[in-house]
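Shown next: coords09.cif, given as mmCIF, C-alpha atoms and all ligand atoms.
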```cif
data_target
loop_
_atom_site.group_PDB
_atom_site.id
_atom_site.type_symbol
_atom_site.label_atom_id
_atom_site.label_comp_id
_atom_site.auth_asym_id
_atom_site.auth_seq_id
_atom_site.Cartn_x
_atom_site.Cartn_y
_atom_site.Cartn_z
ATOM 1 C CA MET A 1 0.000 0.000 0.000
ATOM 2 C CA SER A 2 1.253 3.433 -0.895
ATOM 3 C CA ASP A 3 1.748 6.102 1.797
ATOM 4 C CA LEU A 4 1.200 8.827 -0.771
ATOM 5 C CA THR A 5 -0.090 11.963 0.951
ATOM 6 C CA ILE A 6 -1.165 15.096 -0.909
ATOM 7 C CA THR A 7 -1.537 18.147 1.325
ATOM 8 C CA PRO A 8 -2.801 21.392 -0.241
ATOM 9 C CA VAL A 9 -0.629 24.413 0.601
ATOM 10 C CA GLU A 10 -2.353 26.315 3.401
ATOM 11 C CA GLY A 11 -3.792 29.733 2.643
ATOM 12 C CA LYS A 12 -3.201 29.521 -1.122
ATOM 13 C CA THR A 13 -5.493 29.016 -4.101
ATOM 14 C CA PHE A 14 -3.127 26.404 -5.549
ATOM 15 C CA GLY A 15 -0.280 23.983 -4.850
ATOM 16 C CA ALA A 16 0.201 20.854 -2.746
ATOM 17 C CA VAL A 17 3.014 19.084 -0.903
ATOM 18 C CA VAL A 18 3.409 15.409 -1.744
ATOM 19 C CA THR A 19 5.038 12.963 0.658
ATOM 20 C CA GLY A 20 5.227 9.183 0.968
ATOM 21 C CA VAL A 21 6.415 8.705 -2.599
ATOM 22 C CA LYS A 22 9.777 8.046 -4.257
ATOM 23 C CA LEU A 23 9.727 9.729 -7.662
ATOM 24 C CA ALA A 24 12.684 7.609 -8.755
ATOM 25 C CA GLN A 25 10.615 4.430 -8.258
ATOM 26 C CA LEU A 26 7.093 5.332 -9.248
ATOM 27 C CA SER A 27 4.470 2.710 -10.135
ATOM 28 C CA ASP A 28 1.990 3.509 -12.900
ATOM 29 C CA ALA A 29 -0.860 3.597 -10.374
ATOM 30 C CA THR A 30 0.967 6.097 -8.151
ATOM 31 C CA PHE A 31 1.950 8.195 -11.151
ATOM 32 C CA GLU A 32 -1.743 8.460 -12.062
ATOM 33 C CA ARG A 33 -2.471 9.922 -8.625
ATOM 34 C CA VAL A 34 0.487 12.319 -8.875
ATOM 35 C CA HIS A 35 -0.656 13.381 -12.347
ATOM 36 C CA ALA A 36 -4.221 14.014 -11.169
ATOM 37 C CA ALA A 37 -2.885 16.090 -8.255
ATOM 38 C CA PHE A 38 -0.666 18.062 -10.652
ATOM 39 C CA LEU A 39 -3.681 18.955 -12.803
ATOM 40 C CA GLU A 40 -5.796 19.858 -9.804
ATOM 41 C CA HIS A 41 -3.282 21.883 -7.788
ATOM 42 C CA GLY A 42 -1.109 23.401 -10.546
ATOM 43 C CA PHE A 43 2.154 22.749 -8.726
ATOM 44 C CA LEU A 44 3.503 20.026 -6.458
ATOM 45 C CA VAL A 45 6.384 20.090 -3.983
ATOM 46 C CA PHE A 46 8.130 16.764 -3.323
ATOM 47 C CA PRO A 47 10.538 17.165 -0.393
ATOM 48 C CA GLY A 48 13.553 14.901 0.107
ATOM 49 C CA GLN A 49 13.685 13.271 -3.336
ATOM 50 C CA PHE A 50 17.390 13.917 -4.185
ATOM 51 C CA LEU A 51 16.753 12.988 -7.831
ATOM 52 C CA SER A 52 19.757 12.259 -10.023
ATOM 53 C CA GLU A 53 19.924 13.795 -13.501
ATOM 54 C CA GLN A 54 18.730 10.462 -14.906
ATOM 55 C CA ASP A 55 15.859 10.232 -12.389
ATOM 56 C CA SER A 56 14.754 13.721 -13.451
ATOM 57 C CA VAL A 57 14.723 12.678 -17.103
ATOM 58 C CA ALA A 58 12.740 9.511 -16.333
ATOM 59 C CA PHE A 59 10.144 11.339 -14.210
ATOM 60 C CA GLY A 60 9.792 14.119 -16.804
ATOM 61 C CA GLN A 61 9.231 11.609 -19.604
ATOM 62 C CA ARG A 62 6.148 10.299 -17.828
ATOM 63 C CA PHE A 63 4.495 13.625 -18.699
ATOM 64 C CA GLY A 64 5.537 13.651 -22.349
ATOM 65 C CA GLU A 65 8.336 14.527 -24.726
ATOM 66 C CA LEU A 66 11.095 16.577 -23.123
ATOM 67 C CA GLU A 67 12.439 19.902 -24.355
ATOM 68 C CA PHE A 68 15.419 19.078 -22.180
ATOM 69 C CA GLY A 69 15.992 16.874 -19.166
ATOM 70 C CA GLY A 70 18.365 16.606 -16.222
ATOM 71 C CA ILE A 71 20.190 19.831 -17.085
ATOM 72 C CA PRO A 72 21.894 21.846 -14.332
ATOM 73 C CA MET A 73 20.255 25.259 -14.020
ATOM 74 C CA SER A 74 23.214 26.665 -12.200
ATOM 75 C CA ASN A 75 25.529 29.607 -11.825
ATOM 76 C CA GLN A 76 28.412 27.107 -11.794
ATOM 77 C CA ARG A 77 30.046 25.110 -14.570
ATOM 78 C CA ARG A 78 29.134 21.404 -14.413
ATOM 79 C CA ILE A 79 32.152 19.076 -14.470
ATOM 80 C CA THR A 80 30.429 15.753 -13.810
ATOM 81 C CA GLU A 81 27.167 14.950 -12.071
ATOM 82 C CA GLY A 82 27.405 16.378 -8.552
ATOM 83 C CA SER A 83 30.704 18.106 -9.280
ATOM 84 C CA TYR A 84 30.808 21.775 -10.223
ATOM 85 C CA GLY A 85 33.564 24.212 -11.077
ATOM 86 C CA GLU A 86 33.878 27.959 -11.373
ATOM 87 C CA ILE A 87 30.985 30.362 -10.831
ATOM 88 C CA PHE A 88 29.929 32.158 -14.002
ATOM 89 C CA ASP A 89 30.473 35.867 -14.385
ATOM 90 C CA LEU A 90 27.339 38.022 -14.440
ATOM 91 C CA GLN A 91 28.391 39.333 -17.832
ATOM 92 C CA THR A 92 27.912 35.931 -19.488
ATOM 93 C CA GLN A 93 24.797 35.373 -21.586
ATOM 94 C CA LEU A 94 23.876 32.437 -19.375
ATOM 95 C CA MET A 95 23.700 34.627 -16.275
ATOM 96 C CA ARG A 96 21.873 37.414 -18.118
ATOM 97 C CA THR A 97 19.320 34.832 -19.198
ATOM 98 C CA ASN A 98 19.043 33.542 -15.602
ATOM 99 C CA ILE A 99 18.543 37.059 -14.271
ATOM 100 C CA GLY A 100 15.958 37.795 -16.960
ATOM 101 C CA ASN A 101 13.942 34.927 -15.494
ATOM 102 C CA GLU A 102 13.543 36.922 -12.303
ATOM 103 C CA ALA A 103 10.512 38.474 -14.018
ATOM 104 C CA TRP A 104 7.197 36.549 -14.132
ATOM 105 C CA HIS A 105 6.849 34.180 -17.077
ATOM 106 C CA THR A 106 5.723 30.830 -18.417
ATOM 107 C CA ASP A 107 8.384 28.679 -20.052
ATOM 108 C CA SER A 108 9.016 28.388 -23.775
ATOM 109 C CA THR A 109 6.145 30.593 -24.982
ATOM 110 C CA TYR A 110 8.810 32.018 -27.331
ATOM 111 C CA LYS A 111 9.069 28.661 -29.124
ATOM 112 C CA PRO A 112 6.663 27.289 -31.754
ATOM 113 C CA ILE A 113 5.349 24.838 -29.124
ATOM 114 C CA SER A 114 5.172 26.217 -25.589
ATOM 115 C CA SER A 115 5.880 24.051 -22.558
ATOM 116 C CA LYS A 116 3.534 21.660 -20.779
ATOM 117 C CA CYS A 117 5.272 21.558 -17.421
ATOM 118 C CA ALA A 118 8.646 22.011 -15.802
ATOM 119 C CA MET A 119 10.443 20.684 -12.775
ATOM 120 C CA LEU A 120 13.436 21.703 -10.709
ATOM 121 C CA SER A 121 15.332 19.570 -8.199
ATOM 122 C CA ALA A 122 17.590 21.270 -5.682
ATOM 123 C CA VAL A 123 21.197 20.133 -5.292
ATOM 124 C CA THR A 124 22.936 23.172 -3.757
ATOM 125 C CA VAL A 125 21.074 26.251 -2.606
ATOM 126 C CA PRO A 126 22.246 29.511 -1.041
ATOM 127 C CA ASP A 127 21.331 30.232 2.603
ATOM 128 C CA GLU A 128 19.411 33.310 1.552
ATOM 129 C CA GLY A 129 17.463 34.213 -1.596
ATOM 130 C CA GLY A 130 17.270 32.164 -4.785
ATOM 131 C CA GLU A 131 13.678 31.132 -4.135
ATOM 132 C CA THR A 132 11.314 30.104 -6.920
ATOM 133 C CA GLU A 133 7.939 31.827 -6.878
ATOM 134 C CA LEU A 134 4.757 30.627 -8.529
ATOM 135 C CA ALA A 135 1.560 32.539 -9.266
ATOM 136 C CA ASP A 136 -1.927 31.183 -9.943
ATOM 137 C CA ALA A 137 -3.148 32.533 -13.285
ATOM 138 C CA ARG A 138 -6.305 30.383 -13.055
ATOM 139 C CA ALA A 139 -7.566 31.911 -9.806
ATOM 140 C CA ALA A 140 -6.623 35.327 -11.200
ATOM 141 C CA TYR A 141 -8.706 34.842 -14.343
ATOM 142 C CA ALA A 142 -11.659 33.684 -12.237
ATOM 143 C CA ALA A 143 -11.318 36.827 -10.083
ATOM 144 C CA LEU A 144 -11.298 39.269 -13.032
ATOM 145 C CA ASP A 145 -14.231 41.622 -13.466
ATOM 146 C CA GLU A 146 -16.599 40.852 -16.343
ATOM 147 C CA GLU A 147 -15.615 43.955 -18.300
ATOM 148 C CA THR A 148 -11.948 42.933 -18.370
ATOM 149 C CA LYS A 149 -12.883 39.363 -19.278
ATOM 150 C CA ARG A 150 -14.881 40.691 -22.238
ATOM 151 C CA LYS A 151 -12.090 43.067 -23.253
ATOM 152 C CA ILE A 152 -9.409 40.380 -23.378
ATOM 153 C CA ALA A 153 -11.547 37.463 -24.592
ATOM 154 C CA HIS A 154 -10.318 37.617 -28.177
ATOM 155 C CA LEU A 155 -6.926 39.285 -27.735
ATOM 156 C CA SER A 156 -3.556 37.675 -28.363
ATOM 157 C CA ALA A 157 0.037 38.778 -27.803
ATOM 158 C CA TYR A 158 3.323 37.929 -29.455
ATOM 159 C CA HIS A 159 5.875 36.059 -27.339
ATOM 160 C CA SER A 160 9.629 36.402 -27.676
ATOM 161 C CA THR A 161 12.488 36.150 -25.230
ATOM 162 C CA GLN A 162 14.465 38.613 -27.326
ATOM 163 C CA TYR A 163 11.691 41.033 -26.387
ATOM 164 C CA SER A 164 11.720 40.079 -22.690
ATOM 165 C CA GLN A 165 15.516 40.202 -22.335
ATOM 166 C CA ALA A 166 15.613 43.617 -24.010
ATOM 167 C CA ASN A 167 12.608 45.012 -22.180
ATOM 168 C CA ASP A 168 13.464 43.707 -18.710
ATOM 169 C CA ILE A 169 17.221 44.102 -18.537
ATOM 170 C CA GLY A 170 18.381 45.907 -21.673
ATOM 171 C CA ASP A 171 19.969 42.696 -22.960
ATOM 172 C CA PHE A 172 20.210 42.143 -26.724
ATOM 173 C CA PRO A 173 21.625 38.636 -27.279
ATOM 174 C CA VAL A 174 23.123 37.719 -30.619
ATOM 175 C CA GLN A 175 20.318 36.558 -32.919
ATOM 176 C CA SER A 176 20.668 33.032 -34.266
ATOM 177 C CA GLU A 177 18.205 30.532 -35.706
ATOM 178 C CA LYS A 178 19.784 27.861 -33.528
ATOM 179 C CA SER A 179 19.174 29.607 -30.201
ATOM 180 C CA VAL A 180 16.086 30.826 -28.341
ATOM 181 C CA TYR A 181 17.059 34.274 -29.676
ATOM 182 C CA HIS A 182 15.851 33.312 -33.150
ATOM 183 C CA GLY A 183 14.068 36.438 -34.380
ATOM 184 C CA GLU A 184 10.600 34.840 -34.362
ATOM 185 C CA ALA A 185 7.626 35.878 -32.214
ATOM 186 C CA TYR A 186 4.693 33.561 -31.569
ATOM 187 C CA LEU A 187 1.106 34.770 -31.282
ATOM 188 C CA ARG A 188 -0.792 33.265 -28.342
ATOM 189 C CA PRO A 189 -4.192 34.093 -26.785
ATOM 190 C CA LEU A 190 -4.257 36.113 -23.543
ATOM 191 C CA VAL A 191 -6.871 33.735 -22.193
ATOM 192 C CA LYS A 192 -5.721 30.147 -22.308
ATOM 193 C CA VAL A 193 -8.111 27.258 -21.972
ATOM 194 C CA HIS A 194 -6.201 24.493 -20.243
ATOM 195 C CA PRO A 195 -6.139 21.524 -22.626
ATOM 196 C CA GLU A 196 -6.654 18.905 -19.906
ATOM 197 C CA THR A 197 -8.880 20.632 -17.327
ATOM 198 C CA GLY A 198 -10.771 23.133 -19.515
ATOM 199 C CA VAL A 199 -10.111 25.838 -16.889
ATOM 200 C CA LYS A 200 -9.282 29.295 -18.262
ATOM 201 C CA ASN A 201 -6.236 31.277 -17.143
ATOM 202 C CA LEU A 202 -4.377 34.470 -17.973
ATOM 203 C CA PHE A 203 -1.594 33.491 -20.338
ATOM 204 C CA VAL A 204 0.717 36.476 -20.003
ATOM 205 C CA GLY A 205 4.183 37.181 -18.571
ATOM 206 C CA ARG A 206 7.475 38.762 -19.537
ATOM 207 C CA HIS A 207 7.737 37.314 -23.042
ATOM 208 C CA ALA A 208 4.366 38.803 -24.175
ATOM 209 C CA PHE A 209 4.209 42.010 -26.203
ATOM 210 C CA GLY A 210 2.499 43.687 -29.149
ATOM 211 C CA ILE A 211 -1.199 42.826 -28.882
ATOM 212 C CA PRO A 212 -2.540 43.156 -32.436
ATOM 213 C CA GLY A 213 -5.311 45.777 -32.627
ATOM 214 C CA LEU A 214 -3.986 47.802 -29.676
ATOM 215 C CA SER A 215 -1.480 50.654 -29.699
ATOM 216 C CA ARG A 216 1.946 49.880 -28.280
ATOM 217 C CA ALA A 217 1.168 51.929 -25.154
ATOM 218 C CA GLU A 218 -2.217 50.232 -24.656
ATOM 219 C CA SER A 219 -0.686 46.811 -25.162
ATOM 220 C CA ARG A 220 2.132 47.424 -22.686
ATOM 221 C CA ALA A 221 -0.271 48.846 -20.099
ATOM 222 C CA LEU A 222 -2.739 45.965 -20.438
ATOM 223 C CA LEU A 223 -0.095 43.220 -20.248
ATOM 224 C CA LYS A 224 1.548 44.875 -17.238
ATOM 225 C CA SER A 225 -1.778 45.314 -15.454
ATOM 226 C CA LEU A 226 -2.735 41.657 -15.979
ATOM 227 C CA VAL A 227 0.526 40.358 -14.497
ATOM 228 C CA GLU A 228 0.196 42.815 -11.614
ATOM 229 C CA PHE A 229 -3.372 41.635 -11.054
ATOM 230 C CA ILE A 230 -2.343 37.972 -10.911
ATOM 231 C CA VAL A 231 0.275 38.609 -8.220
ATOM 232 C CA SER A 232 -1.675 41.311 -6.334
ATOM 233 C CA ASP A 233 -3.385 38.788 -4.049
ATOM 234 C CA PRO A 234 -1.018 36.918 -1.701
ATOM 235 C CA THR A 235 -3.246 33.827 -1.820
ATOM 236 C CA ARG A 236 -2.265 33.514 -5.515
ATOM 237 C CA VAL A 237 1.500 33.657 -4.910
ATOM 238 C CA TYR A 238 3.622 30.874 -3.413
ATOM 239 C CA VAL A 239 7.292 31.289 -2.484
ATOM 240 C CA HIS A 240 9.346 28.104 -2.518
ATOM 241 C CA HIS A 241 12.306 28.279 -0.130
ATOM 242 C CA TRP A 242 14.572 25.550 -1.484
ATOM 243 C CA ARG A 243 16.097 22.764 0.556
ATOM 244 C CA PRO A 244 18.497 20.271 -1.008
ATOM 245 C CA GLY A 245 16.563 17.249 -2.303
ATOM 246 C CA ASP A 246 13.331 19.168 -3.044
ATOM 247 C CA THR A 247 11.657 18.631 -6.391
ATOM 248 C CA LEU A 248 9.158 21.246 -7.568
ATOM 249 C CA LEU A 249 6.841 20.506 -10.516
ATOM 250 C CA TRP A 250 4.513 23.093 -12.083
ATOM 251 C CA ASP A 251 2.040 23.391 -14.923
ATOM 252 C CA ASN A 252 3.233 25.957 -17.453
ATOM 253 C CA ARG A 253 -0.275 26.025 -18.950
ATOM 254 C CA ALA A 254 -1.824 27.507 -15.808
ATOM 255 C CA LEU A 255 0.832 29.257 -13.695
ATOM 256 C CA LEU A 256 3.418 32.006 -13.868
ATOM 257 C CA HIS A 257 6.742 31.644 -12.108
ATOM 258 C CA ARG A 258 9.952 33.552 -11.514
ATOM 259 C CA ALA A 259 13.350 33.113 -9.896
ATOM 260 C CA ARG A 260 14.370 35.342 -7.002
ATOM 261 C CA PRO A 261 17.742 37.044 -6.661
ATOM 262 C CA TYR A 262 20.535 35.796 -4.425
ATOM 263 C CA ASP A 263 24.225 36.441 -3.909
ATOM 264 C CA TYR A 264 25.395 35.379 -7.388
ATOM 265 C CA GLY A 265 28.864 34.682 -6.010
ATOM 266 C CA LYS A 266 27.476 31.740 -4.012
ATOM 267 C CA PRO A 267 26.761 28.385 -5.657
ATOM 268 C CA ARG A 268 23.198 27.502 -6.624
ATOM 269 C CA VAL A 269 22.557 24.250 -8.500
ATOM 270 C CA LEU A 270 19.107 23.038 -9.490
ATOM 271 C CA ILE A 271 18.507 20.203 -11.956
ATOM 272 C CA GLY A 272 16.015 21.363 -14.573
ATOM 273 C CA THR A 273 13.691 19.344 -16.803
ATOM 274 C CA ARG A 274 11.131 20.823 -19.169
ATOM 275 C CA VAL A 275 8.328 18.911 -20.881
ATOM 276 C CA ALA A 276 7.128 20.104 -24.290
ATOM 277 C CA GLY A 277 3.489 20.982 -24.800
ATOM 278 C CA ASP A 278 1.087 18.952 -26.865
ATOM 279 C CA PRO A 279 1.134 20.400 -30.415
ATOM 280 C CA ALA A 280 -2.667 20.092 -30.516
ATOM 281 C CA SER A 281 -2.929 22.812 -27.856
ATOM 282 C CA GLU A 282 0.507 24.464 -27.464
ATOM 283 C CA LEU A 283 1.597 24.974 -31.073
ATOM 284 C CA ALA A 284 1.357 28.569 -32.357
ATOM 285 C CA TYR A 285 2.939 28.027 -35.802
ATOM 286 C CA TYR A 286 6.321 27.188 -37.257
ATOM 287 C CA PRO A 287 8.817 29.711 -38.669
ATOM 288 C CA THR A 288 8.154 28.294 -42.131
ATOM 289 C CA ASP A 289 4.382 28.968 -41.891
ATOM 290 C CA PRO A 290 3.106 32.098 -43.672
ATOM 291 C CA GLU A 291 1.669 33.625 -40.467
ATOM 292 C CA ALA A 292 5.164 33.704 -38.919
ATOM 293 C CA GLU A 293 6.059 36.766 -40.975
ATOM 294 C CA ALA A 294 3.835 39.140 -38.956
ATOM 295 C CA GLY A 295 5.510 38.060 -35.705
ATOM 296 C CA ARG A 296 8.969 38.450 -37.159
ATOM 297 C CA GLN A 297 8.134 42.004 -38.261
ATOM 298 C CA ALA A 298 6.478 42.914 -34.952
ATOM 299 C CA LEU A 299 9.562 41.732 -33.050
ATOM 300 C CA SER A 300 11.986 43.504 -35.319
ATOM 301 C CA ALA A 301 10.078 46.817 -34.942
ATOM 302 C CA GLU A 302 9.800 46.361 -31.169
ATOM 303 C CA LEU A 303 13.511 45.619 -30.728
ATOM 304 C CA LYS A 304 14.411 48.726 -32.723
ATOM 305 C CA LEU A 305 12.407 50.868 -30.287
ATOM 306 C CA LEU A 306 13.788 49.044 -27.241
ATOM 307 C CA ARG A 307 17.340 49.634 -28.436
ATOM 308 C CA GLU A 308 16.682 53.346 -28.107
ATOM 309 C CA GLU A 309 14.636 53.126 -24.913
ATOM 310 C CA THR A 310 16.603 50.705 -22.748
ATOM 311 C CA GLN A 311 20.033 52.334 -22.820
ATOM 312 C CA ASP A 312 19.839 52.968 -19.083
ATOM 313 C CA ARG A 313 17.921 49.851 -18.138
ATOM 314 C CA MET A 314 20.694 47.264 -17.843
ATOM 315 C CA PHE A 315 19.481 44.892 -15.119
ATOM 316 C CA GLY A 316 17.530 47.761 -13.548
ATOM 317 C CA ALA A 317 14.038 46.506 -14.348
ATOM 318 C CA THR A 318 14.373 43.181 -12.588
ATOM 319 C CA THR A 319 14.578 42.508 -8.911
ATOM 320 C CA ALA A 320 18.316 42.029 -9.378
ATOM 321 C CA ALA A 321 19.716 45.508 -8.947
ATOM 322 C CA VAL A 322 23.233 44.419 -9.810
ATOM 323 C CA PRO A 323 25.525 47.115 -11.185
ATOM 324 C CA LEU A 324 27.412 46.091 -14.304
HETATM 325 FE FE FE B 1 11.232 29.560 -16.143
#
```
If you took the structure in this file and wrote it as structure tokens, what would it be?
Amino acid sequence: MSDLTITPVEGKTFGAVVTGVKLAQLSDATFERVHAAFLEHGFLVFPGQFLSEQDSVAFGQRFGELEFGGIPMSNQRRITEGSYGEIFDLQTQLMRTNIGNEAWHTDSTYKPISSKCAMLSAVTVPDEGGETELADARAAYAALDEETKRKIAHLSAYHSTQYSQANDIGDFPVQSEKSVYHGEAYLRPLVKVHPETGVKNLFVGRHAFGIPGLSRAESRALLKSLVEFIVSDPTRVYVHHWRPGDTLLWDNRALLHRARPYDYGKPRVLIGTRVAGDPASELAYYPTDPEAEAGRQALSAELKLLREETQDRMFGATTAAVPL
């Protein structure tokens, strides 16, 4: 008999802590219960798992095809599993990308297919800071006034992490088809209907810009106000204070999340795994599709403006007020 216990997080609209289970040795029957809890609660915390890179891959694959699996999300160079070398300089693209993720987002909305879910497993964590925060975009949608619901019902926004890096921290990575900085922008609805639960949520975050049909100022103001609304109620925000061995799993189709700053000179190693979305519900279009051209042009025009506007914004717009 399984000791699986699922305890909803107290005082929050979402989330649960799961104990009495070993994710590295999960029966199909137990996985079904974990999966149902994931859909219901939006995120799950599994304390004391100490998953290896391979365990992370295997657990992630139970949810679907991986974008990547068992990859250190770290400020340190990986030598071998469990062994890490020098701490990366803040000037590296990797650290700029990490710091960009200190603004609210959902993963991979800047790819043709956005992400289904993601998980992190803690190996080494700093004493202070470096938390992961999650926000409930489902409860936020449900709490919106009817006028706003009507206003946004048929609106979409482009998603690009070239936009978010530029807008949030004045970072303009080298554009390349092979990287996430690929010059494409993907149009996605502001109101997402969850493909498995049917529950609506606000699908916004740092990568979203350029709502067609709205002026640039209106679009920026609306997107900002929706994110602010989601996180304005403390019952919709959960702060995860990491302990080594924790695994955190969240639904990218229903929640926003962000990293929190820490002393970047101290080691922080989390093992990251990201599951791709189902193309039936998470595919916008491919770069070769005719509709991709409008996104490409919208991004190019937006980046041109941001190049002029963000001269003084280097790292200033995130929570990480780190002088460079
Ligand atoms: Fe993320």
A:Glu308, A:Glu184, A:Glu218, A:Glu131: which is nearest A:Ala284, counting all atoms listed in the file?
->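 Once distances to A:Ala284 are computed over all atoms listed in the file, the minimum belongs to A:Glu184.
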Run the PyMOL selection byres (((not hetatm)) within 9 of (chain B and resi 1)) on the file and write out the hits as a list in words.
-> Asn98, Asn101, Glu102, Trp104, His105, Thr106, Asp107, Ser108, Ala118, Asn252, Leu256, His257, Arg258 and Ala259 of chain A
Step by step: start from the point (11.7, 21.2, -12.1) in the file's coordinates, keep every protein, DNA or RNA residue that has an atom no farther than 9 Å from it, count all atoms listed in the file, and write the set as a VMD selection string.
-> chain A and resid 56 60 117 to 122 247 to 250 270 to 274
Produce a file of the selected residues containing C-alpha atoms, as a tab-separated table (two decimals), keeping the file's coordinate frame.
```
chain	number	residue	atom	x	y	z
A	56	SER	CA	14.75	13.72	-13.45
A	60	GLY	CA	9.79	14.12	-16.80
A	117	CYS	CA	5.27	21.56	-17.42
A	118	ALA	CA	8.65	22.01	-15.80
A	119	MET	CA	10.44	20.68	-12.78
A	120	LEU	CA	13.44	21.70	-10.71
A	121	SER	CA	15.33	19.57	-8.20
A	122	ALA	CA	17.59	21.27	-5.68
A	247	THR	CA	11.66	18.63	-6.39
A	248	LEU	CA	9.16	21.25	-7.57
A	249	LEU	CA	6.84	20.51	-10.52
A	250	TRP	CA	4.51	23.09	-12.08
A	270	LEU	CA	19.11	23.04	-9.49
A	271	ILE	CA	18.51	20.20	-11.96
A	272	GLY	CA	16.02	21.36	-14.57
A	273	THR	CA	13.69	19.34	-16.80
A	274	ARG	CA	11.13	20.82	-19.17
```
Carefully work through the PyMOL selection byres (((chain A and resi 298) around 12) and not hetatm) for this structure and note down the residues it includes, as JSON, numbers by chain.
-> {"A": [157, 158, 159, 160, 162, 163, 183, 184, 185, 186, 187, 208, 209, 210, 211, 212, 216, 291, 292, 293, 294, 295, 296, 297, 299, 300, 301, 302, 303, 304, 305]}
For the file shown, report as a list in words the outcome of the PyMOL selection byres (((chain A and resi 137) around 8) and not hetatm) at residue level.
-> Ala135, Asp136, Arg138, Ala139, Ala140, Tyr141, Asn201, Leu202, Phe203, Ile230, Arg236, Ala254, Leu255 and Leu256 of chain A
Residue nearest A:Gly100 - candidates A:Phe46, A:Phe172, A:Phe59, A:Trp242, atoms counted: only C-alpha atoms | A:Phe172
What is the distance, in Å and to one decimal place, between atom CA of A:Arg96 and atom CA of A:Leu306?
->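 Those two atoms sit 16.8 Å apart.
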Which polymer residues have any atom within 12 Å of an atom of stretch 123-128 of chain A, counting only C-alpha atoms, with same-chain residues fewer than 6 positions away left out, as a PyMOL selection string?
-> chain A and resi 48-53+70-76+81-84+240-247+260-272
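What separates atom CA of A:Pro290 from atom CA of A:Gly64 is a distance of 28.3 Å.
Between atom CA of A:Asp171 and atom CA of A:Gln93 lies a distance of 8.9 Å.
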Would you please work out which residue, of A:Glu32, A:Val21, A:Tyr285, A:Pro173, is nearest to A:Thr92 when using only C-alpha atoms?
->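 The answer is A:Pro173, which sits nearest to A:Thr92.
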Which polymer residues have any atom within 6 Å of an atom of stretch 12-19 of chain A, counting only C-alpha atoms, with same-chain residues fewer than 3 positions away left out, as a PyMOL selection string?
-> chain A and resi 4-9+41-46+235-236
From the list A:Ser27, A:Ser232, A:Ser179, A:Thr109, which residue is nearest A:Val204 when using only C-alpha atoms?
->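 Among the listed residues, the smallest separation from A:Val204 belongs to A:Thr109.
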Mind checking which residues fall within 8 Å of A:Glu65, counting all atoms listed in the file, ignoring those fewer than 3 positions away in the same chain, and posting them as a list of chain:residue names?
->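 Here the qualifying residues turn out to be A:Gln61, A:Val275, A:Ala276.
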Nearest candidate to A:Thr197 (options A:Asp168, A:Asp145, A:Glu133, A:Asp251; using all atoms listed in the file) |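 Looking at the shortest contact to A:Thr197, the residue is A:Asp251.
The residue that comes closest to A:Ala36, out of A:Lys111, A:Met95, A:Glu196, A:Ala24 and on the basis of all atoms listed in the file, is A:Glu196.
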Specify the axis-aligned box that encloses all atoms of stretch 138-151 of chain A listed in the file after padding of 6 Å on each side, stating its centre and edge lengths in Å to one decimal as JSON.
```
{"center_x": -11.5, "center_y": 37.2, "center_z": -16.5, "size_x": 22.3, "size_y": 25.6, "size_z": 25.4}
```
With N, CA, C and O atoms as the goal, would you fill in the gaps in stretch 50-57 of chain A and present it as an mmCIF file, in the coordinates of the input?
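selection.cif, freshly written:
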```
data_model
loop_
_atom_site.group_PDB
_atom_site.id
_atom_site.type_symbol
_atom_site.label_atom_id
_atom_site.label_comp_id
_atom_site.auth_asym_id
_atom_site.auth_seq_id
_atom_site.Cartn_x
_atom_site.Cartn_y
_atom_site.Cartn_z
ATOM 1 N N PHE A 50 15.979 14.027 -3.753
ATOM 2 C CA PHE A 50 17.390 13.917 -4.185
ATOM 3 C C PHE A 50 17.492 13.188 -5.531
ATOM 4 O O PHE A 50 18.221 12.204 -5.672
ATOM 5 N N LEU A 51 16.754 13.639 -6.513
ATOM 6 C CA LEU A 51 16.753 12.988 -7.831
ATOM 7 C C LEU A 51 18.099 13.181 -8.530
ATOM 8 O O LEU A 51 18.665 14.276 -8.509
ATOM 9 N N SER A 52 18.582 12.126 -9.162
ATOM 10 C CA SER A 52 19.757 12.259 -10.023
ATOM 11 C C SER A 52 19.304 12.895 -11.340
ATOM 12 O O SER A 52 18.097 13.025 -11.600
ATOM 13 N N GLU A 53 20.273 13.245 -12.190
ATOM 14 C CA GLU A 53 19.924 13.795 -13.501
ATOM 15 C C GLU A 53 19.069 12.785 -14.275
ATOM 16 O O GLU A 53 18.074 13.132 -14.908
ATOM 17 N N GLN A 54 19.454 11.515 -14.192
ATOM 18 C CA GLN A 54 18.730 10.462 -14.906
ATOM 19 C C GLN A 54 17.318 10.263 -14.343
ATOM 20 O O GLN A 54 16.356 10.078 -15.093
ATOM 21 N N ASP A 55 17.187 10.330 -13.020
ATOM 22 C CA ASP A 55 15.859 10.232 -12.389
ATOM 23 C C ASP A 55 14.949 11.363 -12.879
ATOM 24 O O ASP A 55 13.749 11.162 -13.102
ATOM 25 N N SER A 56 15.536 12.558 -12.999
ATOM 26 C CA SER A 56 14.754 13.721 -13.451
ATOM 27 C C SER A 56 14.241 13.496 -14.864
ATOM 28 O O SER A 56 13.083 13.795 -15.173
ATOM 29 N N VAL A 57 15.117 12.970 -15.716
ATOM 30 C CA VAL A 57 14.723 12.678 -17.103
ATOM 31 C C VAL A 57 13.575 11.661 -17.104
ATOM 32 O O VAL A 57 12.549 11.848 -17.768
#
```
